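Below is the file start.csv, which contains CSV, C-alpha atoms.
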```csv
chain,number,residue,atom,x,y,z
F,269,MET,CA,48.3,11.2,68.7
F,270,ALA,CA,46.7,7.9,67.7
F,271,LEU,CA,43.4,9.6,67.2
F,272,THR,CA,45.0,12.2,64.9
F,273,SER,CA,46.7,9.4,62.9
F,274,THR,CA,43.4,7.5,62.5
F,275,ARG,CA,41.6,10.7,61.3
F,276,GLN,CA,44.4,11.3,58.7
F,277,SER,CA,44.0,7.7,57.5
F,278,LEU,CA,40.3,8.1,57.1
F,279,LEU,CA,40.7,11.4,55.2
F,280,LEU,CA,43.3,9.8,52.9
F,281,LEU,CA,40.9,6.9,52.2
F,282,VAL,CA,38.0,9.2,51.4
F,283,ALA,CA,40.3,11.3,49.1
F,284,LEU,CA,41.5,8.2,47.3
F,285,SER,CA,37.9,7.0,46.9
F,286,PHE,CA,36.9,10.3,45.2
F,287,VAL,CA,40.0,10.1,42.9
F,288,PHE,CA,39.1,6.5,41.9
F,289,PHE,CA,35.4,7.5,41.3
F,290,PHE,CA,36.3,10.3,38.9
F,291,LEU,CA,39.0,8.3,37.1
F,292,SER,CA,36.4,5.6,36.5
F,293,LEU,CA,34.0,8.1,35.0
F,294,MET,CA,36.8,9.3,32.6
F,295,CYS,CA,37.7,5.8,31.6
F,296,TYR,CA,34.2,4.4,31.2
F,297,PRO,CA,31.9,7.3,30.2
F,298,LYS,CA,28.2,6.5,30.2
F,299,PRO,CA,28.4,2.8,29.6
F,300,PHE,CA,24.7,2.1,29.0
F,301,MET,CA,23.2,5.5,30.0
F,302,THR,CA,19.8,6.0,28.7
F,303,ILE,CA,19.0,9.2,30.5
F,304,SER,CA,20.0,12.7,29.4
F,305,ARG,CA,18.6,16.1,29.8
F,306,GLY,CA,16.3,14.6,32.4
F,307,GLY,CA,14.6,12.3,29.8
F,308,HIS,CA,14.4,8.5,29.6
F,309,LEU,CA,15.0,6.4,26.5
F,310,ALA,CA,11.2,6.2,26.2
F,311,ASP,CA,11.1,10.0,25.8
F,312,CYS,CA,14.1,10.2,23.5
F,313,ASP,CA,13.8,10.7,19.7
F,314,LEU,CA,16.1,7.9,18.5
F,315,ALA,CA,15.9,9.2,14.9
F,316,ASP,CA,17.5,12.6,15.7
F,317,GLY,CA,21.2,12.3,16.1
F,318,GLU,CA,24.6,12.0,14.5
F,319,TRP,CA,27.3,9.4,13.7
F,320,VAL,CA,30.2,9.6,16.2
F,321,ARG,CA,33.5,7.9,16.2
F,322,ASP,CA,33.5,4.6,18.1
F,323,PHE,CA,36.2,1.9,17.8
F,324,ASP,CA,34.5,-0.8,19.8
F,325,GLY,CA,33.0,-2.2,16.6
F,326,SER,CA,29.8,-4.2,16.3
F,327,GLY,CA,28.7,-7.1,18.4
F,328,TYR,CA,30.1,-9.5,15.7
F,329,THR,CA,32.6,-9.5,12.9
F,330,ASN,CA,32.6,-10.9,9.4
F,331,GLY,CA,34.7,-13.7,10.9
F,332,SER,CA,32.6,-14.5,13.9
F,333,CYS,CA,29.2,-14.8,12.2
F,334,PRO,CA,28.9,-18.3,10.7
F,335,LEU,CA,25.5,-17.5,9.1
F,336,MET,CA,26.3,-14.2,7.3
F,337,LEU,CA,24.0,-14.6,4.3
F,338,GLU,CA,25.3,-11.8,2.1
F,339,HIS,CA,26.9,-8.3,2.0
F,340,ASN,CA,30.2,-9.5,3.7
F,341,CYS,CA,32.1,-6.5,2.4
F,342,GLY,CA,35.3,-7.2,4.3
F,343,LYS,CA,35.6,-10.5,2.6
F,344,TYR,CA,35.6,-8.7,-0.8
F,345,GLY,CA,38.3,-6.2,0.1
F,346,LYS,CA,36.4,-3.1,1.4
F,347,ASP,CA,38.2,-1.0,4.0
F,348,GLN,CA,36.2,-1.6,7.2
F,349,ASP,CA,36.5,1.8,8.7
F,350,TYR,CA,32.8,2.2,8.1
F,351,VAL,CA,32.2,0.0,11.3
F,352,ASN,CA,34.0,2.6,13.4
F,353,TRP,CA,31.0,4.9,13.7
F,354,ARG,CA,28.1,4.7,16.1
F,355,TRP,CA,24.7,6.4,16.0
F,356,LYS,CA,24.3,8.8,18.9
F,357,PRO,CA,20.8,10.3,19.4
F,358,LYS,CA,20.9,13.9,20.7
F,359,GLN,CA,18.8,13.2,23.8
F,360,CYS,CA,20.1,9.9,25.0
F,361,GLN,CA,22.5,6.9,24.4
F,362,LEU,CA,21.3,4.1,22.3
F,363,PRO,CA,22.3,0.9,24.1
F,364,ARG,CA,24.4,-1.7,22.3
F,365,PHE,CA,22.6,-4.8,21.1
F,366,GLN,CA,22.4,-7.6,23.7
F,367,GLY,CA,21.7,-10.9,22.1
F,368,LYS,CA,20.9,-12.8,25.2
F,369,VAL,CA,18.5,-10.1,26.4
F,370,PHE,CA,16.8,-10.2,23.0
F,371,LEU,CA,16.5,-14.0,23.0
F,372,GLU,CA,15.1,-14.0,26.5
F,373,MET,CA,12.4,-11.5,25.4
F,374,MET,CA,11.6,-13.8,22.4
F,375,LYS,CA,11.2,-17.1,24.3
F,376,GLY,CA,8.5,-19.1,22.7
F,377,LYS,CA,7.8,-16.4,20.1
F,378,THR,CA,7.9,-16.0,16.3
F,379,MET,CA,9.2,-12.9,14.6
F,380,ALA,CA,9.1,-12.2,10.8
F,381,PHE,CA,10.8,-9.6,8.6
F,382,LEU,CA,8.4,-8.7,5.9
F,383,GLY,CA,9.6,-6.7,2.8
F,384,ASP,CA,12.2,-6.6,0.1
F,385,SER,CA,15.9,-7.6,0.2
F,386,VAL,CA,16.8,-4.5,2.4
F,387,GLY,CA,14.5,-6.0,5.0
F,388,ARG,CA,16.4,-9.3,4.6
F,389,ASN,CA,19.5,-7.2,5.1
F,390,GLN,CA,18.3,-6.2,8.6
F,391,MET,CA,17.3,-9.8,9.4
F,392,SER,CA,20.8,-11.0,8.4
F,393,SER,CA,22.3,-8.5,10.9
F,394,LEU,CA,20.0,-9.8,13.6
F,395,ILE,CA,21.0,-13.4,12.9
F,396,CYS,CA,24.7,-12.4,13.2
F,397,PHE,CA,24.0,-10.7,16.5
F,398,LEU,CA,22.1,-13.7,17.9
F,399,SER,CA,24.5,-16.3,16.6
F,400,GLN,CA,27.0,-15.0,19.1
F,401,VAL,CA,24.7,-16.5,21.7
F,402,GLU,CA,23.3,-19.5,19.9
F,403,ILE,CA,23.6,-20.9,16.4
F,404,PRO,CA,20.1,-21.3,15.0
F,405,ILE,CA,19.0,-24.4,13.1
F,406,GLY,CA,19.6,-23.4,9.5
F,407,ALA,CA,17.3,-21.8,7.0
F,408,LYS,CA,14.3,-23.9,6.0
F,409,ASN,CA,12.8,-23.0,2.7
F,410,GLU,CA,9.0,-23.1,2.9
F,411,ASP,CA,8.1,-21.5,-0.4
F,412,GLU,CA,11.1,-21.1,-2.8
F,413,ASP,CA,12.8,-17.8,-1.8
F,414,THR,CA,9.8,-16.0,-0.4
F,415,VAL,CA,9.5,-17.7,3.0
F,416,LYS,CA,12.5,-19.0,5.1
F,417,THR,CA,12.8,-19.8,8.8
F,418,TRP,CA,15.5,-20.1,11.4
F,419,TYR,CA,15.0,-21.7,14.8
F,420,PHE,CA,16.8,-20.9,18.1
F,421,GLN,CA,16.1,-24.2,19.9
F,422,SER,CA,17.2,-23.2,23.5
F,423,TYR,CA,14.8,-20.3,23.4
F,424,ASP,CA,12.0,-21.8,21.2
F,425,PHE,CA,12.3,-18.7,19.1
F,426,THR,CA,11.5,-18.8,15.3
F,427,LEU,CA,12.8,-16.1,13.0
F,428,MET,CA,11.1,-15.9,9.6
F,429,GLN,CA,11.7,-14.1,6.3
F,430,LEU,CA,8.7,-13.1,4.3
F,431,TRP,CA,9.9,-11.6,1.0
F,432,THR,CA,7.7,-9.4,-1.1
F,433,LYS,CA,8.4,-6.7,-3.7
F,434,PHE,CA,5.4,-4.4,-3.1
F,435,LEU,CA,3.5,-5.8,0.0
F,436,VAL,CA,0.5,-5.9,-2.3
F,437,GLU,CA,-0.3,-8.1,-5.3
F,438,ALA,CA,1.8,-7.5,-8.4
F,439,ALA,CA,2.8,-9.2,-11.6
F,440,GLU,CA,5.6,-8.4,-14.1
F,441,GLN,CA,4.5,-7.7,-17.6
F,442,GLU,CA,6.0,-10.0,-20.2
F,443,ILE,CA,6.5,-9.8,-24.0
F,444,ASN,CA,6.9,-13.2,-25.7
F,445,GLY,CA,7.6,-14.8,-22.3
F,446,THR,CA,10.3,-12.4,-21.4
F,447,GLY,CA,10.0,-10.0,-18.4
F,448,THR,CA,9.9,-6.3,-19.2
F,449,GLY,CA,10.8,-5.0,-15.7
F,450,PHE,CA,7.4,-3.2,-15.7
F,451,TYR,CA,4.8,-4.3,-13.1
F,452,ASP,CA,1.0,-4.3,-12.7
F,453,VAL,CA,0.5,-3.4,-9.1
F,454,HIS,CA,-2.9,-3.9,-7.5
F,455,LEU,CA,-2.9,-1.4,-4.6
F,456,ASP,CA,-6.0,-2.7,-2.9
F,457,ARG,CA,-5.1,-6.4,-2.9
F,458,ILE,CA,-2.7,-7.9,-0.3
F,459,ASP,CA,0.1,-10.1,-1.4
F,460,THR,CA,-1.0,-13.6,-0.4
F,461,SER,CA,2.5,-14.9,-0.3
F,462,TRP,CA,2.8,-13.5,3.2
F,463,SER,CA,-0.7,-12.7,4.4
F,464,GLY,CA,-1.4,-16.4,5.3
F,465,LYS,CA,1.6,-16.4,7.7
F,466,LEU,CA,0.3,-13.5,9.8
F,467,PRO,CA,-1.6,-15.6,12.4
F,468,LEU,CA,1.6,-17.5,13.2
F,469,LEU,CA,3.4,-14.4,14.3
F,470,ASP,CA,4.0,-12.5,17.6
F,471,TYR,CA,6.2,-9.8,16.0
F,472,LEU,CA,6.2,-8.4,12.4
F,473,ILE,CA,8.9,-6.1,11.2
F,474,ILE,CA,7.6,-4.5,8.0
F,475,SER,CA,9.5,-2.4,5.5
F,476,ASP,CA,9.5,-1.8,1.7
F,477,GLY,CA,10.2,0.8,-1.0
F,478,HIS,CA,13.0,0.1,-3.5
F,479,TRP,CA,10.9,-1.9,-6.0
F,480,PHE,CA,8.7,1.2,-6.5
F,481,PHE,CA,11.5,3.0,-8.3
F,482,ARG,CA,10.5,1.6,-11.8
F,483,LYS,CA,7.7,1.8,-14.3
F,484,LEU,CA,4.5,0.6,-12.5
F,485,TYR,CA,0.9,0.4,-13.7
F,486,LEU,CA,-1.4,1.0,-10.8
F,487,HIS,CA,-4.7,-0.8,-10.3
F,488,GLU,CA,-7.5,-0.4,-7.8
F,489,TYR,CA,-10.8,-2.3,-7.8
F,490,ASP,CA,-9.9,-4.0,-11.1
F,491,LYS,CA,-9.3,-0.7,-12.9
F,492,LEU,CA,-6.1,0.8,-14.2
F,493,VAL,CA,-6.0,4.2,-12.4
F,494,GLY,CA,-2.5,5.5,-13.1
F,495,CYS,CA,1.2,4.8,-13.2
F,496,VAL,CA,4.6,5.6,-11.9
F,497,TYR,CA,7.5,6.5,-14.2
F,498,CYS,CA,5.3,6.3,-17.3
F,499,SER,CA,4.8,8.6,-20.3
F,500,GLU,CA,1.5,7.4,-21.6
F,501,GLY,CA,-0.7,10.4,-22.5
F,502,ASN,CA,-3.9,8.7,-21.2
F,503,LEU,CA,-2.5,7.8,-17.8
F,504,THR,CA,-1.7,10.0,-14.8
F,505,ASP,CA,1.7,9.5,-13.3
F,506,PHE,CA,1.0,9.7,-9.6
F,507,GLY,CA,4.6,9.3,-8.5
F,508,ILE,CA,6.3,6.9,-6.1
F,509,ASN,CA,4.8,8.4,-2.9
F,510,PHE,CA,1.3,7.8,-4.0
F,511,ALA,CA,2.0,4.1,-4.7
F,512,ILE,CA,3.9,3.5,-1.5
F,513,ARG,CA,1.2,5.2,0.6
F,514,LYS,CA,-1.5,3.0,-0.9
F,515,ALA,CA,0.5,-0.2,-0.5
F,516,PHE,CA,1.3,0.5,3.1
F,517,ARG,CA,-2.2,1.5,3.8
F,518,THR,CA,-3.5,-1.8,2.4
F,519,ALA,CA,-0.9,-3.7,4.4
F,520,PHE,CA,-1.5,-1.9,7.7
F,521,GLN,CA,-5.3,-2.2,7.4
F,522,PHE,CA,-5.0,-5.9,6.7
F,523,ILE,CA,-2.8,-6.4,9.7
F,524,ASN,CA,-5.0,-4.3,12.0
F,525,GLU,CA,-8.2,-6.1,10.9
F,526,CYS,CA,-6.7,-9.6,11.2
F,527,GLU,CA,-9.1,-11.4,13.6
F,528,GLU,CA,-6.7,-14.4,14.1
F,529,CYS,CA,-3.8,-12.1,15.0
F,530,GLN,CA,-4.6,-11.1,18.6
F,531,GLY,CA,-1.5,-9.9,20.4
F,532,LEU,CA,0.5,-9.2,17.2
F,533,VAL,CA,3.0,-6.4,17.5
F,534,THR,CA,4.0,-4.7,14.2
F,535,VAL,CA,7.1,-2.5,13.9
F,536,ALA,CA,7.5,-0.4,10.7
F,537,ARG,CA,11.0,0.4,9.6
F,538,THR,CA,11.2,3.5,7.5
F,539,PHE,CA,12.8,3.8,4.1
F,540,ALA,CA,16.6,3.4,3.9
F,541,PRO,CA,18.0,5.3,0.9
F,542,ALA,CA,20.4,4.2,-1.8
F,543,HIS,CA,23.5,6.4,-2.4
F,544,PHE,CA,24.3,6.1,-6.1
F,545,GLU,CA,26.5,8.8,-7.5
F,546,ASN,CA,27.8,9.4,-11.0
F,547,GLY,CA,24.9,7.4,-12.5
F,548,THR,CA,22.2,4.9,-11.5
F,549,TRP,CA,22.5,1.2,-10.6
F,550,ASN,CA,22.7,0.1,-14.3
F,551,ASP,CA,24.7,2.9,-15.9
F,552,GLY,CA,27.9,3.1,-13.8
F,553,GLY,CA,26.6,4.6,-10.6
F,554,ASP,CA,28.9,4.0,-7.6
F,555,CYS,CA,29.1,4.7,-3.9
F,556,SER,CA,32.8,5.2,-3.0
F,557,ARG,CA,32.6,7.7,-0.1
F,558,THR,CA,34.5,6.7,3.0
F,559,ARG,CA,32.9,8.8,5.7
F,560,PRO,CA,29.4,9.6,6.9
F,561,PHE,CA,27.8,12.8,5.9
F,562,GLU,CA,27.3,15.6,8.4
F,563,GLU,CA,23.7,16.4,9.1
F,564,SER,CA,24.0,19.7,7.2
F,565,ALA,CA,24.8,17.7,4.0
F,566,ILE,CA,21.4,16.0,3.8
F,567,SER,CA,18.0,17.4,2.8
F,568,LEU,CA,14.8,16.5,4.7
F,569,THR,CA,12.9,17.5,1.6
F,570,ALA,CA,14.5,14.8,-0.5
F,571,THR,CA,12.4,12.0,-2.1
F,572,GLU,CA,13.8,9.5,0.4
F,573,TYR,CA,12.6,11.5,3.4
F,574,ASP,CA,9.2,12.1,1.7
F,575,ILE,CA,8.8,8.4,1.5
F,576,ARG,CA,9.7,8.1,5.2
F,577,SER,CA,7.0,10.7,6.0
F,578,THR,CA,4.4,8.9,4.0
F,579,GLN,CA,5.2,5.6,5.9
F,580,VAL,CA,5.0,7.4,9.2
F,581,GLU,CA,1.7,9.1,8.3
F,582,GLU,CA,0.1,5.8,7.3
F,583,LEU,CA,1.3,4.1,10.5
F,584,GLU,CA,-0.1,6.9,12.7
F,585,SER,CA,-3.4,6.7,10.8
F,586,THR,CA,-3.6,2.9,11.5
F,587,ARG,CA,-2.7,3.5,15.2
F,588,SER,CA,-5.7,5.7,15.5
F,589,ALA,CA,-8.1,3.2,13.9
F,590,LYS,CA,-9.9,0.5,15.9
F,591,GLY,CA,-8.3,-2.9,15.9
F,592,GLY,CA,-6.3,-3.2,19.1
F,593,LYS,CA,-3.0,-4.2,17.5
F,594,GLY,CA,0.3,-2.9,18.7
F,595,PHE,CA,2.3,-0.7,16.2
F,596,GLY,CA,5.8,0.6,16.7
F,597,LEU,CA,8.3,2.6,14.6
F,598,LEU,CA,11.9,2.2,13.6
F,599,ASP,CA,12.7,5.6,12.1
F,600,VAL,CA,16.0,5.1,10.5
F,601,THR,CA,15.8,7.3,7.3
F,602,LYS,CA,17.7,10.4,8.5
F,603,ALA,CA,20.5,8.3,10.1
F,604,MET,CA,20.9,6.2,6.9
F,605,MET,CA,20.8,9.3,4.6
F,606,MET,CA,24.0,10.2,6.4
F,607,ARG,CA,25.8,6.9,5.6
F,608,PRO,CA,26.9,6.8,1.9
F,609,ASP,CA,30.0,4.9,3.1
F,610,GLY,CA,28.2,1.8,4.4
F,611,HIS,CA,27.2,0.1,1.1
F,612,PRO,CA,29.0,-2.8,-0.6
F,613,GLY,CA,29.6,-0.9,-3.8
F,614,SER,CA,31.9,-3.1,-5.9
F,615,HIS,CA,33.0,-5.1,-2.8
F,616,ARG,CA,30.4,-7.9,-3.2
F,617,ASP,CA,29.6,-11.3,-4.6
F,618,PHE,CA,28.5,-10.4,-8.1
F,619,MET,CA,26.6,-13.7,-8.6
F,620,GLY,CA,26.7,-13.3,-12.3
F,621,MET,CA,25.7,-9.5,-12.3
F,622,THR,CA,29.1,-8.1,-13.2
F,623,GLY,CA,29.5,-4.4,-13.8
F,624,PHE,CA,26.9,-3.2,-11.2
F,625,ASN,CA,27.7,-1.6,-7.9
F,626,ASP,CA,25.5,-2.3,-4.9
F,627,CYS,CA,24.7,1.0,-3.3
F,628,VAL,CA,21.3,-0.2,-2.0
F,629,HIS,CA,22.1,-2.8,0.6
F,630,TRP,CA,24.4,-2.4,3.6
F,631,CYS,CA,27.6,-4.1,4.7
F,632,LEU,CA,27.7,-6.6,7.5
F,633,PRO,CA,28.7,-5.6,10.1
F,634,GLY,CA,27.9,-2.0,9.4
F,635,PRO,CA,25.4,0.8,9.8
F,636,VAL,CA,22.5,-1.6,9.4
F,637,ASP,CA,23.3,-3.0,12.9
F,638,MET,CA,21.9,0.2,14.4
F,639,TRP,CA,18.4,-0.8,13.2
F,640,ASN,CA,18.5,-3.9,15.5
F,641,GLU,CA,19.8,-1.8,18.4
F,642,MET,CA,16.9,0.5,17.8
F,643,LEU,CA,14.5,-2.5,17.5
F,644,LEU,CA,15.6,-3.9,20.9
F,645,ALA,CA,15.2,-0.5,22.5
F,646,VAL,CA,11.7,-0.1,21.1
F,647,LEU,CA,10.6,-3.5,22.2
F,648,LYS,CA,12.4,-3.3,25.6
F,649,LYS,CA,11.1,0.1,26.5
F,650,GLY,CA,7.5,-0.7,25.4
F,651,LEU,CA,7.4,2.0,22.7
F,652,ILE,CA,4.4,0.3,21.1
F,653,ALA,CA,1.1,2.1,20.7
F,654,THR,CA,-2.3,0.4,20.3
```
For this file, write the structure as structure tokens.
Amino acid sequence: MALTSTRQSLLLLVALSFVFFFLSLMCYPKPFMTISRGGHLADCDLADGEWVRDFDGSGYTNGSCPLMLEHNCGKYGKDQDYVNWRWKPKQCQLPRFQGKVFLEMMKGKTMAFLGDSVGRNQMSSLICFLSQVEIPIGAKNEDEDTVKTWYFQSYDFTLMQLWTKFLVEAAEQEINGTGTGFYDVHLDRIDTSWSGKLPLLDYLIISDGHWFFRKLYLHEYDKLVGCVYCSEGNLTDFGINFAIRKAFRTAFQFINECEECQGLVTVARTFAPAHFENGTWNDGGDCSRTRPFEESAISLTATEYDIRSTQVEELESTRSAKGGKGFGLLDVTKAMMMRPDGHPGSHRDFMGMTGFNDCVHWCLPGPVDMWNEMLLAVLKKGLIAT
């Protein structure tokens, strides 16, 4: 009789264990799973996915980040439902950003974000993530607004901003001392405002693109060879892709051939599109959508995706060349083409520029946070080719 009672108790305990196990799976589905369809995160195409509902928010808020540099959309009245979406690759789960893990990886290192203000947008997101672990020593201006640094003292980690319009040398044309908005761009000359910092770096996150959407006069080997957005009969308009390809080629070649940059890892972030509707940035264009696009609503033959393809092609070409440098990719274009709801629009600090909606940059927190989740995944899983 006692043996029967003991056996029943054991069976009840096993049954309860199974019930608890399956309930836990229902309550906490795939917390940090990186394996799906038999594939590891290293084998997963992080760029191919969809935005799914997620109410856990980002790793910070516009109230918890003391160093939010800009694009604090919530502060200026934007409905923050745009934070309730998460990028879900089709083949795996993209882990949430872990600030302490990132800082441990970066101990004793220096990382720089090189590019335009959208690159600075990503760096601002990273600073907000990391400030939840440690507040860095504030921005130190080294060269007006083109070079700034932040220092995380406990980790001996330096974060640097290297701001450049075109990656290569360029100068705005002037008439009677007034800028015209037209630029002479020397596609074969590196922009020296950032090139001298390269030997100081362990990691370089490079991106660019938005400044090419204007009238440009293109030069190579001290000769005017063509233009972008021009109508001069004696010049060939080569288009944006040509100029971007040449600029990235020059930048990648310079990085790969840098003899003082042994061990440097460069990660290229692909183009993140603007979402102006009903006009352009200076004639009433806005971005008032409140939900992500479905994948079927975007076109992978659009100019924005062509720019992305150009950047990837130049990166792959550099990877195959001799030089020994490590190169990685943050392919965010498709994901960001689907997020017309994530821009500040009219919810921003106008800083004297009234009447213009910002449909280029990204709200913090917001969709841009995914770029740093992808960056950590790429670095952590060793998705760097030499």
Write out as CSV a residue-level contact list of stretch 483-519 of chain F versus stretch 558-582 of chain F with cut-off 12 Å: for each qualifying residue the closest pair of atoms and the distance in Å to one decimal, counting all atoms listed in the file, rows sorted by chain and residue number upward.
```
residue,atom,partner,partner_atom,distance
F:Gly507,CA,F:Thr571,CA,10.4
F:Ile508,CA,F:Ile575,CA,8.1
F:Asn509,CA,F:Ile575,CA,5.9
F:Phe510,CA,F:Thr578,CA,8.6
F:Ala511,CA,F:Ile575,CA,10.2
F:Ile512,CA,F:Ile575,CA,7.6
F:Arg513,CA,F:Thr578,CA,6.0
F:Lys514,CA,F:Glu582,CA,8.8
F:Ala515,CA,F:Gln579,CA,9.8
F:Phe516,CA,F:Glu582,CA,6.9
F:Arg517,CA,F:Glu582,CA,6.0
F:Thr518,CA,F:Glu582,CA,9.7
F:Ala519,CA,F:Glu582,CA,10.0
```
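Nearest to F:Ala542 of all the residues F:Gln521, F:Thr414, F:Asn625, F:Gln390 is F:Asn625, based on only C-alpha atoms.
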Of the listed residues F:Gly376, F:Gly447, F:Pro404, F:Gly553, that which approaches F:Asp470 most closely, counting all atoms listed in the file: F:Gly376
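The closest residue to F:Ser326, picked from F:Gly613, F:Pro363, F:Gly345, F:Gly477 and counting all atoms listed in the file, is F:Pro363.
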Kindly indicate which residue among F:Cys333, F:Cys495, F:Leu362, F:Leu430 lies nearest to F:Val401, using only C-alpha atoms for the distances. F:Cys333
Identify the residues around (26.0, -2.6, 2.4) within a radius of 12 Å, measuring from all atoms listed in the file in the coordinates stated by the file, and give them as a ChimeraX atom specification. /F:338-342,344,346,348,350-351,385-386,388-390,392-393,540-543,555-556,604,607-617,625-637
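For the choices F:Leu335, F:Ala380, F:Cys360, F:Cys529, the atom-to-atom distance to F:Ile403 is smallest for F:Leu335 when using only C-alpha atoms.
For the point (-7.9, -10.4, 21.3), the residues with at least one atom inside 10 Å, counting only C-alpha atoms, are Glu527, Glu528, Cys529, Gln530, Gly531, Leu532, Gly591, Gly592 and Lys593 of chain F.
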Could those selected residues go to a file with C-alpha atoms, as a PDB file, keeping the file's coordinate frame?
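For reference, selection.pdb as written:
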```pdb
ATOM      1  CA  GLU F 527      -9.100 -11.400  13.600  1.00  0.00           C
ATOM      2  CA  GLU F 528      -6.700 -14.400  14.100  1.00  0.00           C
ATOM      3  CA  CYS F 529      -3.800 -12.100  15.000  1.00  0.00           C
ATOM      4  CA  GLN F 530      -4.600 -11.100  18.600  1.00  0.00           C
ATOM      5  CA  GLY F 531      -1.500  -9.900  20.400  1.00  0.00           C
ATOM      6  CA  LEU F 532       0.500  -9.200  17.200  1.00  0.00           C
ATOM      7  CA  GLY F 591      -8.300  -2.900  15.900  1.00  0.00           C
ATOM      8  CA  GLY F 592      -6.300  -3.200  19.100  1.00  0.00           C
ATOM      9  CA  LYS F 593      -3.000  -4.200  17.500  1.00  0.00           C
TER      10      LYS F 593
END
```
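Atom pair atom CA of F:Phe397 / atom CA of F:Tyr328: separated by 6.3 Å.
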Give me the residues within 8 Å of stretch 484-493 of chain F as a list in words, counting only C-alpha atoms and dropping any in the same chain fewer than 4 places off. Phe450, Tyr451, Asp452, Val453, His454, Leu455, Asp456, Phe480, Tyr497, Cys498, Leu503, Thr504 and Ala511 of chain F
Which one of F:Gly494, F:Val600, F:Phe624, F:Gly325 sits closest to F:Trp549 if you count all atoms listed in the file? F:Phe624
Atom pair atom CA of F:Leu468 + atom CA of F:Ser585, distance 24.8 Å
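One distance worth recording is that between atom CA of F:Gln361 and atom CA of F:Met428, which is 29.5 Å.
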Give me, as a ChimeraX atom specification, all polymer residues having an atom no more than 9 Å from F:Glu641, counting only C-alpha atoms and skipping those fewer than 3 positions away in the same chain. /F:362-366,637-638,644-646
Show which residues sit within 10 Å of F:Pro334, as a PDB file with C-alpha atoms, keeping the file's coordinate frame. Count all atoms listed in the file, and ignore same-chain residues fewer than 6 positions away.
```pdb
ATOM      1  CA  ILE F 395      21.000 -13.400  12.900  1.00  0.00           C
ATOM      2  CA  CYS F 396      24.700 -12.400  13.200  1.00  0.00           C
ATOM      3  CA  SER F 399      24.500 -16.300  16.600  1.00  0.00           C
ATOM      4  CA  GLN F 400      27.000 -15.000  19.100  1.00  0.00           C
ATOM      5  CA  ILE F 403      23.600 -20.900  16.400  1.00  0.00           C
TER       6      ILE F 403
END
```
